[in-house]
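Beneath this line is the structure, given in structure tokens, with notes to follow.
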Amino acid sequence: MNAYTHVPVLKKEILEYLNIKDGNVYVDCTAGRGGHLEGILQSGAKNITVLAIDKDPSNVAFLKDVFSKYKNVTIINSDYRFLADILKFHGIKKVDGIIFDLGFSSIHIDDASRGFSFAKDGPLDMRYDTNQGLRAEDVINEYPERELGRIIRDYGEEKFFKNISRQIVKAREEKKITTTLQLKDIIHRSIPTRFRAGKKIDAATKTFQAIRIEVNTEFESLKAVLPDAINALNTDGRLCAITFHSIEDRIVKQSVNKAINPCTCPKGLVQCVCGKKPTLKRVIKMPLTASKEEIRLNPRSRSAKLRIAQRI
Ligand SMILES: C[S@@+](CC[C@H](N)C(=O)[O-])C[C@H]1O[C@@H](n2cnc3c(N)ncnc32)[C@H](O)[C@@H]1O
């Protein structure tokens, strides 16, 4: 077990909007190091049941160690995309609150051996699930140039995607790319100096994000789980999702909006004929963001957006 820590983002807001009540059932789909989970368990509500899911076996080992004293929490090592099966397996029909705190944690970034960070050198790994086969090294060294470019463009919104994928392919023809700093150098060489020098955000950030998303099939999991999560909610149950970048946020927003307004009738029709009824309503209009004070104490929170919706 490693000694790295993770400061939970928007914890106060999550706990407030989750609306924790006696006897209810909650699922933390991205339990990580248990920051939000701890808040739920210490909320004072009686007889609650909590499922805590994480894909990373080392986080799950940590959670089991720290939270085994709570008899009402079940810790599960899985991809959250299997939420419906997990609930069925545990005999749970409906739940009252679901949390998603998406992406990676500080643990993944701070531990160079996990290969998420370009601040220190490490192996090109980037897997949450360390038992899975595909690593960042495989994506970087084996994907065709076009596919690499597509991933860097679509998952990183990186405008220099063509240059970067071309330079990766050129570099790997000479020598296998195996470390995070090797990849960072190639990315920097692919971006004109005026677009990277003196910038607050390192020029390698978007490409690293894209490769991480590909390795962990992040968007596939998120798109698959959201309808199941909405479906699993009891009336008045709440969905709380924290996202950290625009593409992730768009996926959550689109799923929530579709559940709020599922009508597929052509515009201008006097009366709805498709018969599709809303399953969610908005709890707050605009997503919540971290306060200045939280951002000062935990800079990672600066890009966080919390969306909350309630089951009808
Ligand atoms: C931002 S951290 C969550 C931190 C947590 N809320 C806390 O307070 O410690 C995101 C966590 O989600 C996990 N994760 C990422 N994708 C996942 C997936 N598809 N299924 C389950 N867990 C996932 C990561 O391993 C990571 O621990």
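Quick note on naming: the chains in the structure tokens go A, B, ... in the order shown, residues restart at 1 in each chain, and ligands are numbered from 1 in order of appearance.
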Residues up to 9 Å from ligand 1, counting only C-alpha atoms and all ligand atoms: could you list those as a PyMOL selection string? chain A and resi 5-9+11+28-38+53-60+77-82+99-108+127-129+216-222+225+242-244
Next, the residues of the selection above should be written as a PDB file, in the first residue's frame with C-alpha atoms.
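The result, stored in selection_10.pdb:
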```
ATOM      1  CA  THR A   5      -3.021  10.865  -0.422  1.00  0.00           C
ATOM      2  CA  HIS A   6      -5.958  12.331  -2.310  1.00  0.00           C
ATOM      3  CA  VAL A   7      -7.929  15.379  -1.190  1.00  0.00           C
ATOM      4  CA  PRO A   8     -11.602  14.921  -2.146  1.00  0.00           C
ATOM      5  CA  VAL A   9     -12.996  17.659  -4.365  1.00  0.00           C
ATOM      6  CA  LYS A  11     -16.837  17.173  -0.594  1.00  0.00           C
ATOM      7  CA  ASP A  28     -19.855   5.754  -4.686  1.00  0.00           C
ATOM      8  CA  CYS A  29     -18.849   4.617  -8.182  1.00  0.00           C
ATOM      9  CA  THR A  30     -15.332   6.106  -7.932  1.00  0.00           C
ATOM     10  CA  ALA A  31     -14.458   5.603  -4.275  1.00  0.00           C
ATOM     11  CA  GLY A  32     -10.703   6.236  -4.723  1.00  0.00           C
ATOM     12  CA  ARG A  33      -9.218   6.852  -1.287  1.00  0.00           C
ATOM     13  CA  GLY A  34     -12.641   7.216   0.282  1.00  0.00           C
ATOM     14  CA  GLY A  35     -12.864  10.970   0.859  1.00  0.00           C
ATOM     15  CA  HIS A  36     -16.510  11.225  -0.185  1.00  0.00           C
ATOM     16  CA  LEU A  37     -17.241   7.754   1.164  1.00  0.00           C
ATOM     17  CA  GLU A  38     -16.000   8.747   4.606  1.00  0.00           C
ATOM     18  CA  ILE A  53     -16.630   0.808  -6.306  1.00  0.00           C
ATOM     19  CA  ASP A  54     -13.185   1.451  -7.752  1.00  0.00           C
ATOM     20  CA  LYS A  55     -11.364   0.009 -10.731  1.00  0.00           C
ATOM     21  CA  ASP A  56      -7.907   0.343  -9.189  1.00  0.00           C
ATOM     22  CA  PRO A  57      -6.979  -2.706  -7.058  1.00  0.00           C
ATOM     23  CA  SER A  58      -4.555  -0.660  -4.916  1.00  0.00           C
ATOM     24  CA  ASN A  59      -7.288   1.844  -4.031  1.00  0.00           C
ATOM     25  CA  VAL A  60      -9.618  -1.032  -3.221  1.00  0.00           C
ATOM     26  CA  ASN A  77     -13.121  -3.792  -7.293  1.00  0.00           C
ATOM     27  CA  SER A  78     -14.792  -3.239 -10.645  1.00  0.00           C
ATOM     28  CA  ASP A  79     -15.346  -0.899 -13.530  1.00  0.00           C
ATOM     29  CA  TYR A  80     -18.448   1.141 -12.688  1.00  0.00           C
ATOM     30  CA  ARG A  81     -19.826   0.327 -16.117  1.00  0.00           C
ATOM     31  CA  PHE A  82     -21.071  -2.912 -14.508  1.00  0.00           C
ATOM     32  CA  ILE A  99     -21.611   9.633  -6.899  1.00  0.00           C
ATOM     33  CA  PHE A 100     -19.197   9.837  -9.794  1.00  0.00           C
ATOM     34  CA  ASP A 101     -15.933  11.706  -9.153  1.00  0.00           C
ATOM     35  CA  LEU A 102     -14.410  11.060 -12.531  1.00  0.00           C
ATOM     36  CA  GLY A 103     -10.937  10.463 -13.896  1.00  0.00           C
ATOM     37  CA  PHE A 104      -7.758   9.897 -11.967  1.00  0.00           C
ATOM     38  CA  SER A 105      -6.817  10.761  -8.405  1.00  0.00           C
ATOM     39  CA  SER A 106      -3.788  12.533  -6.987  1.00  0.00           C
ATOM     40  CA  ILE A 107      -2.426   9.090  -6.134  1.00  0.00           C
ATOM     41  CA  HIS A 108      -2.188   8.246  -9.822  1.00  0.00           C
ATOM     42  CA  ARG A 127      -3.907   1.843 -16.172  1.00  0.00           C
ATOM     43  CA  TYR A 128      -6.396   2.231 -13.309  1.00  0.00           C
ATOM     44  CA  ASP A 129      -6.938  -1.514 -13.397  1.00  0.00           C
ATOM     45  CA  ASN A 216      -8.969   3.080 -19.522  1.00  0.00           C
ATOM     46  CA  THR A 217     -11.873   3.262 -22.028  1.00  0.00           C
ATOM     47  CA  GLU A 218     -13.141   6.148 -19.893  1.00  0.00           C
ATOM     48  CA  PHE A 219     -15.789   7.479 -22.246  1.00  0.00           C
ATOM     49  CA  GLU A 220     -17.183   4.043 -23.106  1.00  0.00           C
ATOM     50  CA  SER A 221     -17.615   3.286 -19.373  1.00  0.00           C
ATOM     51  CA  LEU A 222     -19.192   6.647 -18.634  1.00  0.00           C
ATOM     52  CA  VAL A 225     -23.178   3.569 -16.943  1.00  0.00           C
ATOM     53  CA  ILE A 242     -17.943  15.650 -10.771  1.00  0.00           C
ATOM     54  CA  THR A 243     -16.144  16.079 -14.093  1.00  0.00           C
ATOM     55  CA  PHE A 244     -12.701  17.543 -14.763  1.00  0.00           C
TER      56      PHE A 244
END
```
From a DSSP calculation on the backbone, collect every residue of segment 130-219 of chain A in alpha helix (DSSP H) and output the set as a PyMOL selection string. chain A and resi 136-142+145-156+161-174+180-190+205-215+218-219
Backbone-only DSSP, strand (DSSP E) members of segment 64-235 of chain A, as number ranges by chain: A: 73-77, 95-101, 233-235
Hey, can you spit out that residue selection with N, CA and C atoms as a short mmCIF file (atom, residue, chain, number, x, y, z; two decimals), in the first residue's frame?
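Result file follows (out.cif):
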```cif
data_model
loop_
_atom_site.label_atom_id
_atom_site.label_comp_id
_atom_site.auth_asym_id
_atom_site.auth_seq_id
_atom_site.Cartn_x
_atom_site.Cartn_y
_atom_site.Cartn_z
N VAL A 73 -20.74 -0.99 4.72
CA VAL A 73 -20.16 -0.63 3.43
C VAL A 73 -19.58 -1.88 2.75
N THR A 74 -19.87 -2.03 1.46
CA THR A 74 -19.30 -3.12 0.67
C THR A 74 -18.36 -2.50 -0.35
N ILE A 75 -17.12 -2.98 -0.36
CA ILE A 75 -16.12 -2.40 -1.26
C ILE A 75 -15.89 -3.35 -2.44
N ILE A 76 -15.99 -2.80 -3.63
CA ILE A 76 -16.00 -3.64 -4.83
C ILE A 76 -14.95 -3.18 -5.84
N ASN A 77 -14.12 -4.11 -6.26
CA ASN A 77 -13.12 -3.79 -7.29
C ASN A 77 -13.72 -4.09 -8.67
N VAL A 95 -31.48 2.57 -5.52
CA VAL A 95 -30.59 3.30 -4.62
C VAL A 95 -31.05 4.75 -4.51
N ASP A 96 -30.54 5.45 -3.50
CA ASP A 96 -31.02 6.81 -3.24
C ASP A 96 -30.01 7.90 -3.62
N GLY A 97 -28.79 7.48 -3.92
CA GLY A 97 -27.80 8.46 -4.34
C GLY A 97 -26.61 7.77 -4.97
N ILE A 98 -26.11 8.38 -6.04
CA ILE A 98 -24.95 7.81 -6.75
C ILE A 98 -23.94 8.93 -6.99
N ILE A 99 -22.68 8.65 -6.66
CA ILE A 99 -21.61 9.63 -6.90
C ILE A 99 -20.68 9.13 -8.00
N PHE A 100 -20.32 10.05 -8.88
CA PHE A 100 -19.20 9.84 -9.79
C PHE A 100 -18.23 11.00 -9.58
N ASP A 101 -16.98 10.69 -9.28
CA ASP A 101 -15.93 11.71 -9.15
C ASP A 101 -14.88 11.25 -10.15
N LEU A 233 -31.99 4.71 -9.75
CA LEU A 233 -32.37 5.63 -8.67
C LEU A 233 -33.83 5.48 -8.25
N ASN A 234 -34.07 5.48 -6.96
CA ASN A 234 -35.41 5.60 -6.40
C ASN A 234 -35.98 6.97 -6.72
N THR A 235 -37.29 7.14 -6.65
CA THR A 235 -37.88 8.48 -6.77
C THR A 235 -37.21 9.39 -5.74
#
```
Using only C-alpha atoms, which of A:Thr180, A:Ser43, A:Asn24, A:Thr279 sits nearest Ser117 of chain A?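 Selected residue with least distance to Ser117 of chain A: A:Thr180.
Proximity to Arg166 of chain A at 10 Å, evaluated using only C-alpha atoms and with sequence-adjacent residues fewer than 2 positions away removed, yields Pro144, Glu145, Arg146, Leu148, Gly149, Phe161, Lys162, Asn163, Ile164, Ile168, Val169, Lys170, Ala171, Ile186 and Ser190 of chain A.
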Those selected residues, please, written with N, CA and C atoms and delivered as an mmCIF file, in the first residue's frame.
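Wrote it out as result-v9.cif, contents follow:
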```
data_model
loop_
_atom_site.group_PDB
_atom_site.id
_atom_site.type_symbol
_atom_site.label_atom_id
_atom_site.label_comp_id
_atom_site.auth_asym_id
_atom_site.auth_seq_id
_atom_site.Cartn_x
_atom_site.Cartn_y
_atom_site.Cartn_z
ATOM 1 N N PRO A 144 -1.875 2.538 -35.143
ATOM 2 C CA PRO A 144 -1.523 3.234 -36.385
ATOM 3 C C PRO A 144 -1.572 4.760 -36.195
ATOM 4 N N GLU A 145 -0.793 5.460 -36.995
ATOM 5 C CA GLU A 145 -0.680 6.923 -36.855
ATOM 6 C C GLU A 145 -2.044 7.617 -36.888
ATOM 7 N N ARG A 146 -2.896 7.196 -37.825
ATOM 8 C CA ARG A 146 -4.221 7.823 -37.966
ATOM 9 C C ARG A 146 -5.051 7.677 -36.698
ATOM 10 N N LEU A 148 -3.905 7.059 -33.645
ATOM 11 C CA LEU A 148 -3.297 7.884 -32.583
ATOM 12 C C LEU A 148 -3.759 9.333 -32.713
ATOM 13 N N GLY A 149 -3.728 9.826 -33.953
ATOM 14 C CA GLY A 149 -4.136 11.204 -34.213
ATOM 15 C C GLY A 149 -5.592 11.425 -33.805
ATOM 16 N N PHE A 161 -2.661 17.566 -33.158
ATOM 17 C CA PHE A 161 -2.741 16.095 -33.121
ATOM 18 C C PHE A 161 -2.002 15.427 -34.270
ATOM 19 N N LYS A 162 -2.018 16.063 -35.454
ATOM 20 C CA LYS A 162 -1.370 15.435 -36.625
ATOM 21 C C LYS A 162 0.134 15.393 -36.430
ATOM 22 N N ASN A 163 0.699 16.535 -36.038
ATOM 23 C CA ASN A 163 2.156 16.619 -35.794
ATOM 24 C C ASN A 163 2.578 15.630 -34.729
ATOM 25 N N ILE A 164 1.788 15.602 -33.651
ATOM 26 C CA ILE A 164 2.175 14.763 -32.509
ATOM 27 C C ILE A 164 2.156 13.281 -32.909
ATOM 28 N N ILE A 168 5.373 10.812 -33.009
ATOM 29 C CA ILE A 168 5.410 9.584 -32.196
ATOM 30 C C ILE A 168 5.813 8.403 -33.084
ATOM 31 N N VAL A 169 5.189 8.323 -34.257
ATOM 32 C CA VAL A 169 5.480 7.203 -35.159
ATOM 33 C C VAL A 169 6.941 7.261 -35.628
ATOM 34 N N LYS A 170 7.423 8.466 -35.924
ATOM 35 C CA LYS A 170 8.817 8.635 -36.366
ATOM 36 C C LYS A 170 9.781 8.185 -35.257
ATOM 37 N N ALA A 171 9.470 8.632 -34.038
ATOM 38 C CA ALA A 171 10.361 8.312 -32.911
ATOM 39 C C ALA A 171 10.360 6.815 -32.611
ATOM 40 N N ILE A 186 8.727 14.175 -27.032
ATOM 41 C CA ILE A 186 8.234 14.062 -28.419
ATOM 42 C C ILE A 186 7.076 15.041 -28.629
ATOM 43 N N SER A 190 6.766 18.468 -31.093
ATOM 44 C CA SER A 190 5.739 18.514 -32.144
ATOM 45 C C SER A 190 4.922 19.798 -32.124
#
```
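When only C-alpha atoms are used to measure the gap to Met286 of chain A, the shortest distance among A:Ile308, A:Ser246, A:Asn19, A:Val27 belongs to A:Ile308.
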Any idea what's packed within 12 Å of Glu142 of chain A, counting only C-alpha atoms, ignoring anything in its chain fewer than 3 positions away? Could you give it as number ranges by chain? A: 134-139, 145-148, 165, 168-169, 172-173, 176-178
Those same residues - N, CA and C atoms - I'd like them written as a short mmCIF file (atom, residue, chain, number, x, y, z; two decimals), in the first residue's frame.
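The file below, again38.cif, is the result:
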```cif
data_model
loop_
_atom_site.label_atom_id
_atom_site.label_comp_id
_atom_site.auth_asym_id
_atom_site.auth_seq_id
_atom_site.Cartn_x
_atom_site.Cartn_y
_atom_site.Cartn_z
N LEU A 134 -3.85 -3.86 -21.72
CA LEU A 134 -3.44 -2.68 -22.48
C LEU A 134 -2.85 -1.58 -21.58
N ARG A 135 -1.63 -1.13 -21.95
CA ARG A 135 -0.99 -0.01 -21.24
C ARG A 135 -0.77 1.14 -22.25
N ALA A 136 -0.41 2.28 -21.71
CA ALA A 136 -0.14 3.43 -22.59
C ALA A 136 0.98 3.09 -23.58
N GLU A 137 1.95 2.33 -23.13
CA GLU A 137 3.08 1.94 -23.99
C GLU A 137 2.58 1.21 -25.25
N ASP A 138 1.55 0.38 -25.09
CA ASP A 138 1.01 -0.36 -26.24
C ASP A 138 0.32 0.60 -27.22
N VAL A 139 -0.43 1.55 -26.66
CA VAL A 139 -1.13 2.53 -27.51
C VAL A 139 -0.09 3.33 -28.29
N GLU A 145 -0.79 5.46 -37.00
CA GLU A 145 -0.68 6.92 -36.85
C GLU A 145 -2.04 7.62 -36.89
N ARG A 146 -2.90 7.20 -37.83
CA ARG A 146 -4.22 7.82 -37.97
C ARG A 146 -5.05 7.68 -36.70
N GLU A 147 -4.99 6.46 -36.11
CA GLU A 147 -5.78 6.17 -34.91
C GLU A 147 -5.24 6.98 -33.73
N LEU A 148 -3.91 7.06 -33.64
CA LEU A 148 -3.30 7.88 -32.58
C LEU A 148 -3.76 9.33 -32.71
N SER A 165 1.09 12.86 -33.58
CA SER A 165 1.02 11.43 -33.95
C SER A 165 2.12 11.10 -34.96
N ILE A 168 5.37 10.81 -33.01
CA ILE A 168 5.41 9.58 -32.20
C ILE A 168 5.81 8.40 -33.08
N VAL A 169 5.19 8.32 -34.26
CA VAL A 169 5.48 7.20 -35.16
C VAL A 169 6.94 7.26 -35.63
N ARG A 172 9.21 6.19 -32.70
CA ARG A 172 9.15 4.75 -32.33
C ARG A 172 9.79 3.87 -33.39
N GLU A 173 9.95 4.41 -34.63
CA GLU A 173 10.66 3.64 -35.66
C GLU A 173 12.13 3.51 -35.30
N LYS A 176 11.83 2.14 -29.26
CA LYS A 176 10.55 2.00 -28.57
C LYS A 176 10.37 3.12 -27.54
N ILE A 177 9.15 3.66 -27.45
CA ILE A 177 8.88 4.74 -26.48
C ILE A 177 8.33 4.06 -25.22
N THR A 178 9.07 4.17 -24.13
CA THR A 178 8.68 3.40 -22.94
C THR A 178 8.46 4.25 -21.68
#
```
Using only C-alpha atoms, find the one residue out of A:Ala52, A:Val273, A:Leu41, A:Ala197 that sits nearest to Leu15 of chain A.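 Smallest separation from Leu15 of chain A among the options: A:Leu41.
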Exercise: Ala259 of chain A partners within 7 Å, only C-alpha atoms, chain neighbours under 3 positions left out, as a PyMOL selection string: chain A and resi 255-256+262+278-280
